[in-house]
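Next up, my_file21.pdb (PDB, C-alpha atoms):
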```pdb
ATOM      1  CA  MET A  25      -6.690   3.236 -22.197
ATOM      2  CA  THR A  26      -8.353   6.583 -21.533
ATOM      3  CA  PRO A  27      -7.028   8.610 -18.578
ATOM      4  CA  THR A  28      -8.493   7.895 -15.159
ATOM      5  CA  ARG A  29     -10.695  10.834 -14.151
ATOM      6  CA  ILE A  30      -9.752  11.716 -10.573
ATOM      7  CA  ALA A  31     -11.313  14.007  -7.979
ATOM      8  CA  ILE A  32      -9.757  14.818  -4.592
ATOM      9  CA  ASP A  33     -11.807  15.477  -1.476
ATOM     10  CA  GLY A  34      -9.869  17.137   1.335
ATOM     11  CA  SER A  35      -6.909  19.444   1.787
ATOM     12  CA  GLY A  36      -3.666  19.790   3.676
ATOM     13  CA  ARG A  37      -0.478  17.720   3.556
ATOM     14  CA  LEU A  38      -1.894  14.485   2.196
ATOM     15  CA  ALA A  39      -3.886  16.183  -0.572
ATOM     16  CA  ALA A  40      -0.794  18.183  -1.508
ATOM     17  CA  SER A  41       1.280  15.000  -1.714
ATOM     18  CA  VAL A  42      -1.354  13.326  -3.899
ATOM     19  CA  LEU A  43      -1.256  16.330  -6.226
ATOM     20  CA  ARG A  44       2.528  15.970  -6.439
ATOM     21  CA  ALA A  45       2.162  12.267  -7.206
ATOM     22  CA  LEU A  46      -0.322  13.052 -10.018
ATOM     23  CA  ALA A  47       1.846  15.773 -11.573
ATOM     24  CA  GLY A  48       3.147  14.979 -15.043
ATOM     25  CA  ARG A  49       1.201  11.738 -15.440
ATOM     26  CA  ASP A  50      -0.808  11.523 -18.657
ATOM     27  CA  ASP A  51      -2.757   8.458 -17.486
ATOM     28  CA  PHE A  52      -4.757  10.636 -15.047
ATOM     29  CA  GLU A  53      -7.017  13.630 -15.462
ATOM     30  CA  LEU A  54      -7.647  15.620 -12.287
ATOM     31  CA  VAL A  55     -11.099  17.138 -12.701
ATOM     32  CA  ALA A  56     -11.870  18.722  -9.304
ATOM     33  CA  LEU A  57     -10.559  19.391  -5.808
ATOM     34  CA  ASN A  58     -13.008  19.855  -2.934
ATOM     35  CA  ALA A  59     -11.816  21.700   0.186
ATOM     36  CA  PRO A  60     -14.916  22.421   2.302
ATOM     37  CA  PRO A  61     -14.951  25.538   4.488
ATOM     38  CA  GLY A  62     -13.755  24.670   7.945
ATOM     39  CA  SER A  63     -11.939  21.495   6.876
ATOM     40  CA  SER A  64      -8.581  20.776   8.446
ATOM     41  CA  ASP A  65      -5.849  22.889   6.825
ATOM     42  CA  ALA A  66      -8.369  23.988   4.198
ATOM     43  CA  ASP A  67      -6.647  25.208   1.052
ATOM     44  CA  ALA A  68      -3.234  24.889   2.711
ATOM     45  CA  ASP A  69      -0.439  23.366   0.652
ATOM     46  CA  VAL A  70      -2.603  22.739  -2.410
ATOM     47  CA  GLY A  71      -1.924  25.931  -4.331
ATOM     48  CA  GLY A  72      -0.672  25.873  -7.883
ATOM     49  CA  ALA A  73      -2.796  23.046  -9.199
ATOM     50  CA  ASP A  74      -4.758  24.155 -12.251
ATOM     51  CA  VAL A  75      -7.992  22.413 -11.357
ATOM     52  CA  PRO A  76     -11.533  23.550 -10.443
ATOM     53  CA  ARG A  77     -11.851  24.234  -6.694
ATOM     54  CA  LEU A  78     -15.007  23.337  -4.823
ATOM     55  CA  ARG A  79     -16.108  24.353  -1.314
ATOM     56  CA  GLU A  80     -18.960  21.913  -0.767
ATOM     57  CA  ARG A  81     -19.699  20.706   2.779
ATOM     58  CA  ASP A  82     -22.322  18.112   1.798
ATOM     59  CA  THR A  83     -20.489  15.269   0.047
ATOM     60  CA  ARG A  84     -23.704  14.065  -1.577
ATOM     61  CA  ARG A  85     -23.998  17.374  -3.456
ATOM     62  CA  LEU A  86     -20.581  17.164  -5.085
ATOM     63  CA  PRO A  87     -20.723  17.171  -8.922
ATOM     64  CA  TRP A  88     -19.039  13.821  -9.429
ATOM     65  CA  LYS A  89     -21.707  12.575 -11.846
ATOM     66  CA  ARG A  90     -21.435  15.699 -14.003
ATOM     67  CA  HIS A  91     -17.643  15.386 -14.076
ATOM     68  CA  ALA A  92     -17.833  11.635 -14.832
ATOM     69  CA  VAL A  93     -15.407  10.882 -12.007
ATOM     70  CA  ASP A  94     -13.877   7.408 -12.144
ATOM     71  CA  VAL A  95     -12.214   7.454  -8.720
ATOM     72  CA  VAL A  96     -12.512   9.890  -5.815
ATOM     73  CA  LEU A  97      -9.435  10.080  -3.621
ATOM     74  CA  ASP A  98     -10.892  10.841  -0.196
ATOM     75  CA  CYS A  99      -8.190  12.531   1.882
ATOM     76  CA  ALA A 100     -10.685  13.809   4.453
ATOM     77  CA  GLY A 101     -11.928  10.597   6.079
ATOM     78  CA  GLY A 102     -15.483  10.967   4.819
ATOM     79  CA  ASP A 103     -18.143   8.371   4.137
ATOM     80  CA  ALA A 104     -17.397   6.694   0.809
ATOM     81  CA  ARG A 105     -21.087   5.954   0.309
ATOM     82  CA  ALA A 106     -21.801   9.684  -0.009
ATOM     83  CA  HIS A 107     -19.294  10.002  -2.861
ATOM     84  CA  LEU A 108     -21.002   7.109  -4.631
ATOM     85  CA  GLN A 109     -24.383   8.788  -4.127
ATOM     86  CA  ALA A 110     -22.894  11.920  -5.713
ATOM     87  CA  GLY A 111     -22.100   9.943  -8.857
ATOM     88  CA  ALA A 112     -18.502   8.744  -8.456
ATOM     89  CA  ARG A 113     -17.862   5.314  -9.915
ATOM     90  CA  LYS A 114     -15.438   4.294  -7.134
ATOM     91  CA  VAL A 115     -13.874   5.742  -3.984
ATOM     92  CA  LEU A 116     -10.397   5.224  -2.567
ATOM     93  CA  SER A 117     -10.205   6.304   1.072
ATOM     94  CA  CYS A 118      -6.748   7.637   1.995
ATOM     95  CA  ALA A 119      -7.638   8.551   5.593
ATOM     96  CA  PRO A 120      -9.517   6.750   8.372
ATOM     97  CA  ALA A 121     -12.803   6.088   6.612
ATOM     98  CA  GLY A 122     -16.283   6.823   7.885
ATOM     99  CA  ALA A 123     -17.710   3.492   6.696
ATOM    100  CA  ALA A 124     -16.613  -0.075   6.032
ATOM    101  CA  ALA A 125     -14.687  -0.724   2.814
ATOM    102  CA  ASP A 126     -15.110  -3.487   0.248
ATOM    103  CA  ALA A 127     -11.346  -4.081   0.340
ATOM    104  CA  THR A 128      -8.201  -2.804   2.054
ATOM    105  CA  VAL A 129      -5.318  -2.543  -0.401
ATOM    106  CA  VAL A 130      -1.580  -1.952  -0.162
ATOM    107  CA  TYR A 131      -0.331  -1.529  -3.705
ATOM    108  CA  GLY A 132       2.347  -4.086  -4.525
ATOM    109  CA  ILE A 133       1.099  -6.471  -1.848
ATOM    110  CA  ASN A 134      -2.503  -7.347  -2.616
ATOM    111  CA  HIS A 135      -3.757  -4.981  -5.339
ATOM    112  CA  GLY A 136      -4.139  -8.037  -7.569
ATOM    113  CA  ALA A 137      -7.112  -9.018  -5.404
ATOM    114  CA  LEU A 138      -9.069  -5.931  -6.520
ATOM    115  CA  ARG A 139     -12.333  -6.636  -8.328
ATOM    116  CA  ASP A 140     -14.574  -4.326 -10.323
ATOM    117  CA  SER A 141     -17.252  -4.877  -7.682
ATOM    118  CA  HIS A 142     -14.986  -3.197  -5.097
ATOM    119  CA  ARG A 143     -16.399   0.314  -5.195
ATOM    120  CA  ARG A 144     -15.261   1.399  -1.716
ATOM    121  CA  VAL A 145     -11.565   0.678  -1.241
ATOM    122  CA  HIS A 146      -9.341   1.711   1.660
ATOM    123  CA  SER A 147      -5.654   2.371   1.094
ATOM    124  CA  ALA A 148      -4.643   1.430   4.669
ATOM    125  CA  CYS A 149      -2.202   3.796   6.413
ATOM    126  CA  ARG A 150       1.347   4.967   5.853
ATOM    127  CA  ALA A 151       2.702   2.587   8.501
ATOM    128  CA  THR A 152       1.037  -0.393   6.799
ATOM    129  CA  HIS A 153       2.544   0.552   3.432
ATOM    130  CA  CYS A 154       5.920   0.808   5.175
ATOM    131  CA  ILE A 155       5.961  -2.565   6.934
ATOM    132  CA  ALA A 156       3.750  -4.712   4.660
ATOM    133  CA  PRO A 157       6.453  -5.278   1.981
ATOM    134  CA  VAL A 158       8.894  -6.347   4.705
ATOM    135  CA  ALA A 159       6.352  -8.748   6.191
ATOM    136  CA  ARG A 160       5.535 -10.155   2.748
ATOM    137  CA  VAL A 161       9.163 -10.821   1.767
ATOM    138  CA  LEU A 162      10.209 -12.296   5.113
ATOM    139  CA  HIS A 163       7.081 -14.412   5.536
ATOM    140  CA  ASP A 164       7.565 -15.937   2.085
ATOM    141  CA  ALA A 165      11.177 -16.832   2.893
ATOM    142  CA  LEU A 166      11.197 -17.502   6.640
ATOM    143  CA  GLY A 167       7.589 -17.811   7.777
ATOM    144  CA  ILE A 168       6.078 -15.550  10.432
ATOM    145  CA  SER A 169       4.146 -17.143  13.264
ATOM    146  CA  ASN A 170       3.770 -14.183  15.641
ATOM    147  CA  ALA A 171       4.771 -10.535  15.314
ATOM    148  CA  MET A 172       4.707  -7.327  17.342
ATOM    149  CA  LEU A 173       4.808  -3.852  15.776
ATOM    150  CA  THR A 174       6.039  -0.675  17.431
ATOM    151  CA  ALA A 175       5.819   2.742  15.797
ATOM    152  CA  VAL A 176       8.213   5.598  16.537
ATOM    153  CA  HIS A 177       6.889   9.003  15.486
ATOM    154  CA  SER A 178       8.095  12.550  15.552
ATOM    155  CA  ARG A 179       5.663  14.625  13.514
ATOM    156  CA  PRO A 180       2.907  16.607  15.245
ATOM    157  CA  HIS A 181       0.091  15.001  13.220
ATOM    158  CA  ASP A 182       1.038  11.604  14.635
ATOM    159  CA  VAL A 183      -0.158  12.612  18.096
ATOM    160  CA  ASP A 184      -3.603  13.071  19.571
ATOM    161  CA  ALA A 185      -5.052  16.161  21.240
ATOM    162  CA  GLY A 186      -3.387  15.233  24.512
ATOM    163  CA  GLY A 187       0.061  15.081  22.937
ATOM    164  CA  LEU A 188       0.264  11.286  23.012
ATOM    165  CA  PRO A 189       1.383   9.310  19.942
ATOM    166  CA  GLN A 190      -1.448   7.559  18.123
ATOM    167  CA  ARG A 191      -1.462   3.868  17.280
ATOM    168  CA  THR A 192      -1.063   3.397  13.547
ATOM    169  CA  GLY A 193      -3.650   0.660  13.005
ATOM    170  CA  ALA A 194      -1.068  -1.213  10.932
ATOM    171  CA  ALA A 195      -1.601  -4.516  12.763
ATOM    172  CA  GLU A 196      -5.310  -4.484  11.955
ATOM    173  CA  HIS A 197      -4.676  -3.497   8.341
ATOM    174  CA  LEU A 198      -2.026  -6.199   7.881
ATOM    175  CA  HIS A 199      -4.554  -8.862   8.865
ATOM    176  CA  ARG A 200      -6.705  -7.699   5.943
ATOM    177  CA  VAL A 201      -3.858  -7.226   3.469
ATOM    178  CA  LEU A 202      -2.088 -10.508   4.354
ATOM    179  CA  PRO A 203      -4.975 -12.823   5.318
ATOM    180  CA  GLU A 204      -2.667 -15.827   5.653
ATOM    181  CA  LEU A 205      -1.188 -13.996   8.666
ATOM    182  CA  ASP A 206      -4.534 -13.282  10.300
ATOM    183  CA  HIS A 207      -4.171 -12.722  14.078
ATOM    184  CA  CYS A 208      -0.357 -12.938  13.863
ATOM    185  CA  PHE A 209       0.232  -9.213  14.391
ATOM    186  CA  ASP A 210      -0.211  -7.031  17.435
ATOM    187  CA  GLU A 211       0.870  -3.442  18.101
ATOM    188  CA  THR A 212       2.447  -1.915  21.188
ATOM    189  CA  GLU A 213       1.937   1.643  22.367
ATOM    190  CA  PRO A 214       3.841   3.926  19.973
ATOM    191  CA  MET A 215       6.782   6.092  21.006
ATOM    192  CA  ARG A 216       7.700   9.627  20.053
ATOM    193  CA  ILE A 217      11.218  10.973  19.476
ATOM    194  CA  PRO A 218      11.110  14.719  18.767
ATOM    195  CA  GLY A 219      13.416  16.144  16.140
ATOM    196  CA  VAL A 220      13.770  13.129  13.835
ATOM    197  CA  HIS A 221      11.049  14.318  11.395
ATOM    198  CA  ALA A 222      10.333  10.792  10.229
ATOM    199  CA  SER A 223       8.542   7.642  11.326
ATOM    200  CA  LEU A 224       9.950   4.196  12.019
ATOM    201  CA  ILE A 225       8.098   0.888  12.304
ATOM    202  CA  GLY A 226       9.797  -1.888  14.230
ATOM    203  CA  MET A 227       8.671  -5.495  13.808
ATOM    204  CA  VAL A 228       9.739  -8.318  16.109
ATOM    205  CA  PHE A 229       8.594 -11.745  14.960
ATOM    206  CA  VAL A 230       9.129 -15.441  15.492
ATOM    207  CA  ALA A 231      10.296 -17.132  12.302
ATOM    208  CA  GLU A 232       9.416 -20.713  11.477
ATOM    209  CA  ARG A 233      13.106 -21.579  11.260
ATOM    210  CA  THR A 234      16.428 -20.214  12.446
ATOM    211  CA  THR A 235      17.988 -17.469  10.366
ATOM    212  CA  SER A 236      20.692 -14.790  10.568
ATOM    213  CA  VAL A 237      21.132 -11.051  10.200
ATOM    214  CA  GLU A 238      22.946 -11.654   6.936
ATOM    215  CA  GLU A 239      20.112 -13.750   5.483
ATOM    216  CA  VAL A 240      17.396 -11.297   6.521
ATOM    217  CA  ASN A 241      19.245  -8.323   5.069
ATOM    218  CA  THR A 242      20.097 -10.207   1.889
ATOM    219  CA  LEU A 243      16.434 -11.077   1.370
ATOM    220  CA  MET A 244      15.401  -7.436   1.727
ATOM    221  CA  GLN A 245      18.269  -6.183  -0.416
ATOM    222  CA  ALA A 246      17.299  -8.562  -3.223
ATOM    223  CA  ALA A 247      13.709  -7.362  -2.993
ATOM    224  CA  ALA A 248      14.698  -3.688  -3.033
ATOM    225  CA  PHE A 249      16.885  -4.093  -6.099
ATOM    226  CA  GLY A 250      14.495  -6.512  -7.816
ATOM    227  CA  ASP A 251      10.729  -6.756  -8.136
ATOM    228  CA  TRP A 252      10.093  -4.344  -5.269
ATOM    229  CA  ALA A 253      12.381  -1.544  -6.494
ATOM    230  CA  ASP A 254       9.553   0.986  -6.929
ATOM    231  CA  ILE A 255       8.250   0.400  -3.407
ATOM    232  CA  VAL A 256      11.184  -0.611  -1.177
ATOM    233  CA  ARG A 257      14.483   1.173  -0.638
ATOM    234  CA  TYR A 258      17.329  -0.685   1.059
ATOM    235  CA  GLY A 259      19.061   1.566   3.573
ATOM    236  CA  ASP A 260      22.575   0.842   4.801
ATOM    237  CA  THR A 261      23.190   4.349   6.160
ATOM    238  CA  PRO A 262      21.889   5.912   9.394
ATOM    239  CA  PHE A 263      18.128   6.311   9.548
ATOM    240  CA  THR A 264      17.875  10.095   9.148
ATOM    241  CA  THR A 265      20.354  10.048   6.242
ATOM    242  CA  ALA A 266      18.636   7.282   4.291
ATOM    243  CA  LEU A 267      15.214   8.939   4.343
ATOM    244  CA  SER A 268      14.358  11.653   1.845
ATOM    245  CA  GLU A 269      11.216  13.740   1.567
ATOM    246  CA  ARG A 270      11.526  13.389  -2.232
ATOM    247  CA  ASP A 271      11.699   9.585  -2.231
ATOM    248  CA  THR A 272       8.604   8.079  -3.857
ATOM    249  CA  ARG A 273       9.093   4.678  -2.236
ATOM    250  CA  SER A 274       6.853   3.930   0.722
ATOM    251  CA  CYS A 275       9.242   1.608   2.607
ATOM    252  CA  ILE A 276      12.872   2.263   3.517
ATOM    253  CA  PHE A 277      14.297  -0.893   5.065
ATOM    254  CA  GLU A 278      16.920  -0.091   7.723
ATOM    255  CA  SER A 279      19.433  -2.944   7.472
ATOM    256  CA  GLY A 280      21.664  -1.629  10.258
ATOM    257  CA  TRP A 281      18.948  -2.272  12.838
ATOM    258  CA  THR A 282      18.316  -5.928  11.999
ATOM    259  CA  GLN A 283      18.835  -8.294  14.914
ATOM    260  CA  VAL A 284      18.415 -12.076  15.126
ATOM    261  CA  SER A 285      18.438 -14.486  18.050
ATOM    262  CA  GLY A 286      17.673 -17.979  16.804
ATOM    263  CA  ARG A 287      14.137 -17.718  15.457
ATOM    264  CA  VAL A 288      13.434 -14.294  16.962
ATOM    265  CA  VAL A 289      13.962 -11.507  14.419
ATOM    266  CA  LYS A 290      13.795  -7.731  14.789
ATOM    267  CA  VAL A 291      13.634  -5.534  11.688
ATOM    268  CA  CYS A 292      12.897  -1.852  11.130
ATOM    269  CA  ALA A 293      11.605   0.201   8.210
ATOM    270  CA  GLY A 294      10.851   3.887   7.941
ATOM    271  CA  TYR A 295       9.125   6.563   5.914
ATOM    272  CA  ARG A 296       9.298  10.333   5.778
ATOM    273  CA  GLY A 297       6.345  12.487   4.815
ATOM    274  CA  ASP A 298       3.397  11.466   2.696
ATOM    275  CA  LEU A 299       4.904  11.354  -0.801
ATOM    276  CA  GLY A 300       5.676   7.632  -0.943
ATOM    277  CA  TYR A 301       2.237   6.790   0.411
ATOM    278  CA  ALA A 302       0.640   9.226  -2.055
ATOM    279  CA  HIS A 303       2.329   7.464  -4.974
ATOM    280  CA  ARG A 304       0.927   4.111  -3.811
ATOM    281  CA  VAL A 305      -2.517   5.731  -3.541
ATOM    282  CA  VAL A 306      -2.256   6.903  -7.148
ATOM    283  CA  ASP A 307      -1.024   3.466  -8.243
ATOM    284  CA  THR A 308      -4.032   1.882  -6.516
ATOM    285  CA  ALA A 309      -6.464   4.325  -8.155
ATOM    286  CA  ARG A 310      -5.112   3.376 -11.566
ATOM    287  CA  ALA A 311      -5.452  -0.333 -10.763
ATOM    288  CA  MET A 312      -9.073   0.237  -9.680
ATOM    289  CA  HIS A 313      -9.897   1.984 -12.969
ATOM    290  CA  ARG A 314      -8.319  -0.722 -15.121
ATOM    291  CA  LEU A 315     -10.727  -3.392 -13.896
TER     292      LEU A 315
END
```

Please re-express this file's structure in structure tokens.
Amino acid sequence: MTPTRIAIDGSGRLAASVLRALAGRDDFELVALNAPPGSSDADADVGGADVPRLRERDTRRLPWKRHAVDVVLDCAGGDARAHLQAGARKVLSCAPAGAAADATVVYGINHGALRDSHRRVHSACRATHCIAPVARVLHDALGISNAMLTAVHSRPHDVDAGGLPQRTGAAEHLHRVLPELDHCFDETEPMRIPGVHASLIGMVFVAERTTSVEEVNTLMQAAAFGDWADIVRYGDTPFTTALSERDTRSCIFESGWTQVSGRVVKVCAGYRGDLGYAHRVVDTARAMHRL
């Protein structure tokens, strides 16, 4: 199959991580990077990529038709419809999108539901990519009837202008990614622990049967060393030790924090930086092009 022709709209940490995820892959061709004047962190962290740079403010004027772009990776939270008007075949939003999407996808969980008619796809958020594999594995084995998510952040871009941690939106995204669990998830106010330089997602749920810490951890360990090896890492060391900024997996399951009381189960998974999420974004873009 011919390489997927990719364009990136946006700049800063996420765009830089996507560039790292694309590096060395011969199944992609990066044709342009747009960093409009005045955009957040414009041109920061994206140096070194040998690709045409654009500075276009009006998305509809971007040369996607001339470049025959297969998929635009929107890291700026723009309106996907404008990229389509500019000539892109499809758009994958990697930030809170400015318009409704045809599908919300977490690669490895529901990318098989993609259709060629899905031209505007949203890649959910980092927290969703972190906890969705855990929810999928444990629901298949134990059943989840109700669940509560709590995010613990440390990084500055996880807080709003008032210094308060932002909700991740993972509960809403999970209802789209795992429709059989619609309305099962809710999210508490997030917490912030300065100095950890990572994020943790805790999930407390009611299983459909009794279980044990050993069973829960065994299920996740089997997943991490089996079919989910490219997405899930099984951590049996302290949280800050298990996480690596170079790890391309988007979910690090923290086995030491699993607790069980009858049918009530608490599990935790973490992620550090954007690299794991960026790799899932690239995986999703390839799946969109193959349709």

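Distance check against A:Ile155 using only C-alpha atoms: of A:Cys118, A:Ala309, A:Val93, A:Ile255, the minimum falls on A:Ile255.
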
*asked:* Using all atoms listed in the file and a cutoff of 12 Å, can you tell me which residues are near (17.3, -18.7, 8.3) in the file's coordinates, and write them out as a list of chain:residue names?
replied: A:Leu162, A:His163, A:Asp164, A:Ala165, A:Leu166, A:Gly167, A:Ile168, A:Val230, A:Ala231, A:Glu232, A:Arg233, A:Thr234, A:Thr235, A:Ser236, A:Val237, A:Glu238, A:Glu239, A:Val240, A:Asn241, A:Thr242, A:Leu243, A:Val284, A:Ser285, A:Gly286, A:Arg287, A:Val288, A:Val289

_From A:Asp126, A:Glu196, A:Asp33, A:Asp260, residue lying nearest A:Leu78 [all atoms listed in the file]_ = A:Asp33

*Of the candidates A:Gly136, A:Gly297, A:Gly111, A:Gly101, which one gets nearest to A:Lys89 if we count all atoms listed in the file?*
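With all atoms listed in the file as the atom set, the closest residue is A:Gly111.
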
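Here atom CA of A:His142 stands at a distance of 8.2 Å from atom CA of A:Met312.
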
Edge lengths and centre, in Å to one decimal, as JSON: that's what I need for the box along x, y and z that holds all listed atoms of stretch 104-110 of chain A plus 4 Å on each side.
```
{"center_x": -20.9, "center_y": 8.9, "center_z": -2.5, "size_x": 15.0, "size_y": 14.0, "size_z": 14.5}
```

_Which residues, named as in the file, does the PyMOL selection byres ((chain A and resi 129-133) around 8) pick out? Answer as JSON, numbers by chain._
{"A": [127, 128, 134, 135, 136, 138, 145, 146, 147, 148, 152, 153, 156, 157, 160, 201, 252, 255, 304, 305, 307, 308]}

Pull C-alpha atoms from the residues just selected and write them as a compact mmCIF listing (two decimals), keeping the file's coordinate frame.
```
# COMPACT_ATOMS: atom_id res chain seq x y z
CA ALA A 127 -11.35 -4.08 0.34
CA THR A 128 -8.20 -2.80 2.05
CA ASN A 134 -2.50 -7.35 -2.62
CA HIS A 135 -3.76 -4.98 -5.34
CA GLY A 136 -4.14 -8.04 -7.57
CA LEU A 138 -9.07 -5.93 -6.52
CA VAL A 145 -11.56 0.68 -1.24
CA HIS A 146 -9.34 1.71 1.66
CA SER A 147 -5.65 2.37 1.09
CA ALA A 148 -4.64 1.43 4.67
CA THR A 152 1.04 -0.39 6.80
CA HIS A 153 2.54 0.55 3.43
CA ALA A 156 3.75 -4.71 4.66
CA PRO A 157 6.45 -5.28 1.98
CA ARG A 160 5.54 -10.15 2.75
CA VAL A 201 -3.86 -7.23 3.47
CA TRP A 252 10.09 -4.34 -5.27
CA ILE A 255 8.25 0.40 -3.41
CA ARG A 304 0.93 4.11 -3.81
CA VAL A 305 -2.52 5.73 -3.54
CA ASP A 307 -1.02 3.47 -8.24
CA THR A 308 -4.03 1.88 -6.52
```

*Which is closer to A:Arg79 than all the others in A:Ser35, A:Ser117, A:Thr212, A:Gln109, using only C-alpha atoms?*
A:Ser35

*asked:* As a check of understanding, name the residues that the PyMOL selection byres ((chain A and resi 302) around 10) selects in the supplied structure, as a ChimeraX atom specification.
replied: /A:38-46,118,147,150,272-274,297-301,303-308

_I'd like the residues picked by the PyMOL selection byres ((chain A and resi 209) around 8) written out as JSON, numbers by chain, using the chain letters and numbers from the file._
{"A": [170, 171, 172, 173, 195, 196, 198, 199, 205, 206, 207, 208, 210, 211]}

*Determine the nearest neighbour of A:Met227 from the options A:Thr83, A:Thr282, A:Thr192, A:Thr261, counting all atoms listed in the file.*
A:Thr282

Excluding A:Val75 and any residue of its chain fewer than 2 positions from it, enumerate the residues within 7 Å of it, using all atoms listed in the file, and give them as a PDB file with C-alpha atoms, keeping the file's coordinate frame.
```pdb
ATOM      1  CA  LEU A  54      -7.647  15.620 -12.287  1.00  0.00           C
ATOM      2  CA  VAL A  55     -11.099  17.138 -12.701  1.00  0.00           C
ATOM      3  CA  ALA A  56     -11.870  18.722  -9.304  1.00  0.00           C
ATOM      4  CA  LEU A  57     -10.559  19.391  -5.808  1.00  0.00           C
ATOM      5  CA  ALA A  73      -2.796  23.046  -9.199  1.00  0.00           C
ATOM      6  CA  ARG A  77     -11.851  24.234  -6.694  1.00  0.00           C
TER       7      ARG A  77
END
```

*So which residues touch A:Tyr258 within 7 Å, counting all atoms listed in the file, skipping near sequence neighbours fewer than 6 positions away, as number ranges by chain?*
A: 245, 248, 276-278

*Calculate how many Å separate atom CA of A:Glu80 from atom CA of A:His313, rounding to one decimal.*
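About the pair atom CA of A:Glu80 and atom CA of A:His313: they are 25.1 Å apart.
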
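Using only C-alpha atoms, the nearest neighbour of A:Ser178 within the list A:Leu116, A:Val256, A:Cys99, A:Leu224 is A:Leu224.
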
*What is the distance, in Å and to one decimal place, between atom CA of A:Ala100 and atom CA of A:Ala119?*
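Between these atoms lies a distance of 6.2 Å.
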
*What lies within 8 Å of A:Pro27 using only C-alpha atoms, ignoring chain neighbours under 4 positions off, as a ChimeraX atom specification?*
/A:50-53

*Extract, using only C-alpha atoms, all DNA, RNA and protein residues at most 7 Å from A:Ala175, discarding same-chain residues fewer than 5 positions from it, and format them as a list in words.*
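Close residues of A:Ala175: Pro214, Met215, Leu224, Ile225 and Gly226 of chain A.
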